[in-house]
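Participant: This is structure_10.csv, which holds CSV, C-alpha atoms:
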chain,number,residue,atom,x,y,z
G,1,ASN,CA,185.8,64.9,114.5
G,2,LEU,CA,189.2,63.6,113.4
G,3,GLN,CA,191.1,65.6,110.8
G,4,VAL,CA,194.1,64.3,108.9
G,5,VAL,CA,196.5,66.8,107.3
G,6,SER,CA,198.7,65.1,104.7
G,7,LEU,CA,201.6,66.4,102.6
G,8,GLY,CA,201.6,65.5,98.9
G,9,GLN,CA,204.7,63.4,98.0
G,10,ASN,CA,205.2,65.1,94.6
G,11,ASP,CA,204.1,68.6,95.3
G,12,GLY,CA,204.5,69.1,99.1
G,13,GLN,CA,201.1,70.7,99.3
G,14,PRO,CA,198.8,70.2,102.3
G,15,TYR,CA,195.6,68.1,101.9
G,16,LEU,CA,192.8,67.3,104.3
G,17,THR,CA,190.8,64.1,105.0
G,18,TRP,CA,188.3,64.0,107.8
G,19,GLN,CA,186.0,61.6,109.6
G,20,ASP,CA,182.3,62.4,110.4
G,21,GLU,CA,182.1,61.8,114.1
G,22,ILE,CA,178.5,60.5,114.0
G,23,ALA,CA,178.5,58.1,111.0
G,24,GLY,CA,182.3,57.4,111.1
G,25,THR,CA,182.4,58.1,107.3
G,26,TRP,CA,185.6,59.5,105.9
G,27,HIS,CA,185.6,62.5,103.5
G,28,TYR,CA,188.3,63.9,101.3
G,29,ALA,CA,188.3,67.7,101.5
G,30,GLY,CA,191.2,68.3,99.0
G,31,ASN,CA,193.8,71.1,99.2
G,32,LEU,CA,194.1,73.3,102.2
G,33,PRO,CA,194.6,77.0,101.5
G,34,ASN,CA,198.2,77.8,100.5
G,35,PRO,CA,198.3,81.1,98.5
G,36,SER,CA,202.0,81.2,98.1
G,37,GLU,CA,202.1,77.6,96.9
G,38,THR,CA,204.9,76.9,99.4
G,39,ALA,CA,205.9,73.2,99.4
G,40,TYR,CA,206.3,71.6,102.9
G,41,SER,CA,208.4,68.8,104.2
G,42,SER,CA,206.8,68.1,107.6
G,43,VAL,CA,203.7,68.9,109.7
G,44,ALA,CA,202.7,68.9,113.3
G,45,ILE,CA,199.2,69.5,114.7
G,46,GLY,CA,198.2,71.4,117.9
G,47,THR,CA,195.2,73.1,119.5
G,48,GLY,CA,195.4,76.9,119.5
G,49,ASN,CA,194.5,79.3,122.4
G,50,GLY,CA,190.9,79.5,121.1
G,51,GLY,CA,190.5,75.8,121.0
G,52,ASN,CA,190.8,75.6,117.2
G,53,LEU,CA,193.0,73.2,115.2
G,54,GLN,CA,196.4,74.5,114.1
G,55,ALA,CA,198.7,72.9,111.6
G,56,ILE,CA,202.3,74.0,111.7
G,57,LEU,CA,204.3,73.1,108.6
G,58,LEU,CA,208.0,73.4,107.6
G,59,GLY,CA,208.9,74.9,104.2
G,60,GLN,CA,210.6,72.4,102.0
G,61,ASN,CA,213.0,74.9,100.6
G,62,ASP,CA,213.5,77.5,103.3
G,63,GLY,CA,212.9,75.4,106.5
G,64,GLN,CA,210.7,78.1,107.9
G,65,PRO,CA,207.5,77.4,110.0
G,66,TYR,CA,204.1,78.3,108.5
G,67,LEU,CA,200.7,78.1,110.1
G,68,LEU,CA,197.3,76.9,108.7
G,69,TYR,CA,194.3,77.0,111.1
G,70,GLN,CA,190.7,76.0,111.2
G,71,ASP,CA,188.0,78.5,112.3
G,72,LEU,CA,186.2,77.2,115.3
G,73,GLY,CA,182.8,78.3,114.2
G,74,THR,CA,182.6,77.5,110.5
G,75,GLY,CA,185.3,74.8,110.1
G,76,ASN,CA,186.9,76.8,107.3
G,77,TRP,CA,190.7,76.8,107.0
G,78,SER,CA,192.9,79.8,106.6
G,79,ASN,CA,196.6,80.4,105.8
G,80,PHE,CA,198.2,82.5,108.5
G,81,GLY,CA,201.6,82.5,106.7
G,82,ALA,CA,205.1,82.4,108.2
G,83,LEU,CA,205.4,82.3,112.0
G,84,PRO,CA,208.1,84.3,113.9
G,85,ASN,CA,211.4,82.6,114.1
G,86,SER,CA,215.1,83.0,114.9
G,87,ASN,CA,216.2,83.4,111.3
G,88,THR,CA,217.0,79.8,111.5
G,89,SER,CA,216.1,77.0,109.1
G,90,TYR,CA,214.5,74.0,110.9
G,91,SER,CA,214.5,70.3,110.1
G,92,SER,CA,211.8,68.9,112.4
G,93,LEU,CA,209.2,70.0,114.9
G,94,ALA,CA,206.8,68.9,117.6
G,95,THR,CA,203.9,70.6,119.4
G,96,GLY,CA,202.9,70.6,123.0
G,97,VAL,CA,200.8,72.4,125.6
G,98,GLY,CA,202.6,74.8,127.8
G,99,ASN,CA,202.1,75.5,131.5
G,100,GLY,CA,199.4,78.1,130.7
G,101,GLY,CA,197.5,75.8,128.4
G,102,ASN,CA,198.9,77.7,125.3
G,103,LEU,CA,200.3,76.1,122.2
G,104,GLN,CA,204.1,75.6,122.1
G,105,VAL,CA,206.1,74.5,119.0
G,106,VAL,CA,209.6,73.1,119.5
G,107,LEU,CA,211.8,73.0,116.4
G,108,LEU,CA,215.3,71.6,115.7
G,109,GLY,CA,217.7,73.8,113.8
G,110,GLN,CA,218.7,72.5,110.4
G,111,ASP,CA,222.3,73.4,110.7
G,112,ASP,CA,223.0,73.3,114.4
G,113,GLY,CA,220.5,70.7,115.7
G,114,GLN,CA,219.6,73.1,118.6
G,115,PRO,CA,216.1,73.2,120.0
G,116,TYR,CA,214.1,76.4,119.4
G,117,LEU,CA,210.7,77.5,120.7
G,118,ILE,CA,207.8,79.6,119.3
G,119,TRP,CA,204.5,79.8,121.2
G,120,GLN,CA,201.0,81.3,121.0
G,121,ASP,CA,199.9,83.7,123.8
G,122,ASP,CA,196.4,84.2,125.3
G,123,SER,CA,195.6,86.8,122.7
G,124,GLY,CA,196.4,84.5,119.8
G,125,SER,CA,199.6,86.3,118.9
G,126,TRP,CA,202.7,84.2,118.2
G,127,LYS,CA,206.0,84.8,120.0
G,128,ASN,CA,209.6,83.8,119.3
G,129,PHE,CA,211.2,82.4,122.5
G,130,GLY,CA,214.5,81.6,120.7
G,131,ALA,CA,216.8,78.8,121.7
G,132,LEU,CA,215.9,76.5,124.6
G,133,PRO,CA,218.5,75.9,127.3
G,134,ASN,CA,221.2,73.4,126.2
G,135,PRO,CA,224.4,74.0,128.2
G,136,ASN,CA,226.5,71.4,126.4
G,137,MET,CA,225.1,72.6,123.0
G,138,THR,CA,224.3,68.9,122.2
G,139,PRO,CA,222.9,68.8,118.6
G,140,TYR,CA,219.6,66.7,118.3
G,141,SER,CA,218.1,64.7,115.5
G,142,ALA,CA,214.6,64.0,116.8
G,143,VAL,CA,212.1,65.7,119.2
G,144,ALA,CA,208.8,64.8,120.9
G,145,THR,CA,206.8,66.5,123.6
G,146,GLY,CA,204.6,65.2,126.4
G,147,ALA,CA,203.0,66.1,129.7
G,148,GLY,CA,205.1,65.2,132.8
G,149,ASN,CA,203.7,63.9,136.1
G,150,GLY,CA,203.2,67.5,137.4
G,151,GLY,CA,201.4,68.7,134.3
G,152,THR,CA,204.6,70.4,133.0
G,153,LEU,CA,205.7,70.3,129.4
G,154,GLU,CA,208.5,67.8,128.8
G,155,VAL,CA,210.6,68.0,125.6
G,156,ILE,CA,212.4,64.7,124.9
G,157,LEU,CA,215.2,64.8,122.3
G,158,VAL,CA,217.5,62.3,120.7
G,159,GLY,CA,221.2,63.3,120.5
G,160,GLN,CA,222.5,63.6,116.9
G,161,ASP,CA,225.9,62.2,117.7
G,162,ASP,CA,225.3,59.7,120.5
G,163,GLY,CA,221.6,58.7,119.9
G,164,GLN,CA,220.9,59.2,123.6
G,165,PRO,CA,217.6,60.6,125.1
G,166,TYR,CA,217.7,64.0,126.7
G,167,ARG,CA,215.1,66.1,128.4
G,168,ILE,CA,214.2,69.8,128.7
G,169,THR,CA,211.2,70.8,130.9
G,170,GLN,CA,209.0,73.8,131.5
G,171,ASP,CA,208.0,74.5,135.1
G,172,SER,CA,204.8,76.1,136.4
G,173,SER,CA,206.3,79.6,136.1
G,174,GLY,CA,207.0,79.1,132.4
G,175,SER,CA,210.8,78.8,132.9
G,176,TRP,CA,212.7,76.1,131.0
G,177,THR,CA,215.4,73.8,132.4
G,178,HIS,CA,217.8,71.4,130.6
G,179,ASN,CA,217.7,68.2,132.7
G,180,GLY,CA,220.4,66.3,130.9
G,181,SER,CA,220.2,62.7,129.6
G,182,LEU,CA,217.5,60.2,130.6
G,183,THR,CA,218.1,56.8,132.2
G,184,ASN,CA,219.4,54.3,129.7
G,185,PRO,CA,221.3,51.4,131.4
G,186,ASN,CA,221.9,49.5,128.1
G,187,GLN,CA,223.3,52.7,126.5
G,188,THR,CA,221.3,51.8,123.4
G,189,SER,CA,221.4,54.5,120.7
G,190,TYR,CA,218.0,55.6,119.3
G,191,SER,CA,216.6,57.2,116.2
G,192,GLY,CA,212.8,57.6,116.1
G,193,ILE,CA,210.9,58.8,119.1
G,194,ALA,CA,207.2,59.3,120.2
G,195,THR,CA,205.5,60.0,123.6
G,196,GLY,CA,202.2,58.9,125.1
G,197,VAL,CA,200.3,58.8,128.3
G,198,GLY,CA,200.3,55.4,130.2
G,199,THR,CA,197.2,53.8,131.8
G,200,ASP,CA,198.1,55.4,135.1
G,201,GLY,CA,198.6,58.9,133.6
G,202,THR,CA,202.4,58.7,133.5
G,203,LEU,CA,204.5,59.9,130.6
G,204,GLN,CA,205.8,57.1,128.3
G,205,VAL,CA,208.6,57.6,125.8
G,206,ILE,CA,209.0,54.9,123.1
G,207,LEU,CA,212.2,55.0,121.0
G,208,ILE,CA,213.5,53.0,118.1
G,209,GLY,CA,216.9,51.4,118.5
G,210,GLN,CA,219.3,52.8,115.9
G,211,ALA,CA,221.2,49.5,115.3
G,212,ASP,CA,218.4,46.9,115.9
G,213,GLY,CA,215.3,48.8,115.0
G,214,GLN,CA,213.6,47.5,118.2
G,215,PRO,CA,211.1,49.5,120.3
G,216,TYR,CA,212.3,50.6,123.7
G,217,LEU,CA,210.3,52.2,126.5
G,218,ILE,CA,211.3,54.7,129.2
G,219,TYR,CA,208.7,56.2,131.5
G,220,GLN,CA,208.2,58.6,134.4
G,221,ASP,CA,206.5,57.4,137.5
G,222,GLY,CA,204.2,59.5,139.8
G,223,SER,CA,207.2,60.8,141.8
G,224,GLY,CA,208.8,62.2,138.6
G,225,THR,CA,211.6,59.5,138.6
G,226,TRP,CA,212.4,57.9,135.2
G,227,PHE,CA,212.7,54.1,134.6
G,228,ASN,CA,213.5,51.7,131.8
G,229,TYR,CA,210.6,49.4,131.1
G,230,ASN,CA,211.1,45.9,132.5
G,231,ASN,CA,214.8,46.6,133.3
G,232,GLY,CA,216.0,46.2,129.8
G,233,GLY,CA,213.7,48.7,128.3
G,234,ILE,CA,212.7,46.7,125.2
G,235,LEU,CA,209.0,46.3,124.4
G,236,PRO,CA,207.5,42.9,123.4
G,237,ASN,CA,208.2,42.1,119.7
G,238,PRO,CA,207.9,38.3,119.2
G,239,LEU,CA,208.8,38.5,115.5
G,240,GLN,CA,211.8,40.8,116.2
G,241,THR,CA,210.6,43.0,113.3
G,242,ARG,CA,212.8,46.0,112.8
G,243,TYR,CA,211.0,49.4,112.7
G,244,SER,CA,211.9,52.8,111.2
G,245,ALA,CA,209.1,55.1,112.4
G,246,ILE,CA,206.6,55.4,115.2
G,247,ALA,CA,203.5,57.2,116.2
G,248,THR,CA,201.4,56.9,119.4
G,249,GLY,CA,197.7,57.4,120.2
G,250,VAL,CA,195.0,56.4,122.7
G,251,GLY,CA,192.9,53.3,122.0
G,252,GLN,CA,189.1,53.0,122.5
G,253,ASP,CA,189.6,51.8,126.0
G,254,GLY,CA,191.9,54.7,126.9
G,255,SER,CA,195.1,52.7,126.8
G,256,PRO,CA,198.2,53.9,124.9
G,257,GLN,CA,198.8,52.4,121.5
G,258,ALA,CA,201.9,52.6,119.4
G,259,ALA,CA,201.8,52.1,115.6
G,260,LEU,CA,205.2,51.4,113.9
G,261,ILE,CA,206.4,51.1,110.3
G,262,GLY,CA,208.6,48.1,109.5
G,263,ALA,CA,212.1,49.0,108.4
G,264,ASP,CA,212.3,46.2,105.8
Kindly return the structure encoded in the file as structure tokens.

Facilitator:
Amino acid sequence: NLQVVSLGQNDGQPYLTWQDEIAGTWHYAGNLPNPSETAYSSVAIGTGNGGNLQAILLGQNDGQPYLLYQDLGTGNWSNFGALPNSNTSYSSLATGVGNGGNLQVVLLGQDDGQPYLIWQDDSGSWKNFGALPNPNMTPYSAVATGAGNGGTLEVILVGQDDGQPYRITQDSSGSWTHNGSLTNPNQTSYSGIATGVGTDGTLQVILIGQADGQPYLIYQDGSGTWFNYNNGGILPNPLQTRYSAIATGVGQDGSPQAALIGAD
């Protein structure tokens, strides 16, 4: 069943709402366990190595990653506490599935904008990988992950200074490579970012234009080549509404859906 982990606007505490998968009824479960009463600023969800739901949260004051998880058998939630990190404070995070099917968490450094990785191994232990490769030391402001055409983990980032999309990938051996900037013929600068899987199984990246607030699409075809959607990249938007945030999901017919928040 669907679980929604929300952060209280006033207290930064994690709350849970969930949907009964048979009746479709929604239930409010209240506070999730948080013994230290740490306040959080952002949250990302992933599936742990045992198939259970994991919520990774960033501390509001310390920028450190914390873990809450749901027991697979009972459905009870537990607070794991702080995850291993590089003694760095983080500003944002995204979760993905690595080449071995294990949970990977990519975080952006609060001060340096660099991408860092922590991951969960087959035993359920968490490891600190450290900084991901970034030869030019480009600082980033937004991050999303997705599965590439070969089943590899793709990390798509937005440059902090230039607003351009960049890509780091994990190959089948688990090694990481910085692939540089993605195709962007209009040289549009972007802010928000989200990834999804297209109807043909290809990786789709939707970005919000920094200046115009319009949604743009770049995608990877079956050969691994990247393209701008419909040459210009911009998605249909008849009202020319400006957007400030985006999330993606899969509709009931299996097609990708994008939900956006109007900027105005």

Participant: If you measure from CA of Ile156 in chain G to CA of Val205 in chain G, what distance in Å do you get, rounded to one decimal?

Facilitator: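 Separation of CA of Ile156 in chain G and CA of Val205 in chain G: 8.1 Å.
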
Participant: With all atoms listed in the file as the atoms that count, which of G:Gly209, G:Gly196, G:Gly224, G:Gly50 lies nearest to Ser123 in chain G?

Facilitator: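 Looking only at the distances to Ser123 in chain G, the closest residue turns out to be G:Gly50.
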
Participant: With distances taken over only C-alpha atoms, which residue among G:Pro135, G:Gly75, G:Pro65, G:Gly98 lies nearest Leu53 in chain G?

Facilitator: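 Among the listed residues, G:Gly75 lies closest to Leu53 in chain G.
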
Participant: Quick one: of G:Ile118, G:Leu2, G:Leu83, G:Ala55, who's nearest to Thr25 in chain G, counting all atoms listed in the file?

Facilitator: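 Comparing G:Ile118, G:Leu2, G:Leu83, G:Ala55 against Thr25 in chain G, the winner is G:Leu2.
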
Participant: Here is a test: counting only C-alpha atoms, which residue of G:Gly8, G:Pro215, G:Gly51, G:Gly100 is nearest to Gly30 in chain G?

Facilitator: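 Nearest candidate to Gly30 in chain G out of G:Gly8, G:Pro215, G:Gly51, G:Gly100: G:Gly8.
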
Participant: Select all residues near (203.7, 74.2, 136.7) (cut-off 12 Å, inclusive, file coordinates), counting all atoms listed in the file, and output them as a ChimeraX atom specification.

Facilitator: /G:97-101,147-154,169-176

Participant: As an exercise, work out the distance from CA of Phe80 in chain G to CA of Thr248 in chain G in Å and give it to one decimal place.

Facilitator: 28.0 Å

Participant: Using all atoms listed in the file, which of G:Gly254, G:Gly233, G:Pro33, G:Pro165 sits nearest Gln214 in chain G?

Facilitator: G:Gly233

Participant: Kindly indicate which residue among G:Thr188, G:Thr47, G:Thr177, G:Thr74 lies nearest to Trp119 in chain G, using all atoms listed in the file for the distances.

Facilitator: G:Thr47

Participant: Identify the residues around (223.1, 66.3, 120.4) within a radius of 12 Å, measuring from only C-alpha atoms in the coordinates stated by the file, and give them as number ranges by chain.

Facilitator: G: 108-109, 112-115, 134-143, 156-167, 180-181, 189-191

Participant: Excluding Ser6 in chain G and any residue of its chain fewer than 6 positions from it, enumerate the residues within 10 Å of it, using all atoms listed in the file, and give them as an MDAnalysis selection string.

Facilitator: chainID G and resid 12:17 30:32 42:43

Participant: Do you have the CA of Asn10 in chain G-CA of Asn85 in chain G distance handy?

Facilitator: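 So the two atoms, CA of Asn10 in chain G and CA of Asn85 in chain G, lie 26.9 Å apart.
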
Participant: When you look at Val197 in chain G with a cut-off of 9 Å (counting all atoms listed in the file), what residues show up, excluding the ones that are within fewer than 3 positions of it in the same chain? I need them as a list in words.

Facilitator: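 Once the nearby chain positions are removed, what remains is Gly146, Ala147, Asp200, Gly201, Thr202, Leu203, Gln204, Val205, Gly249, Val250, Ser255 and Pro256 of chain G.
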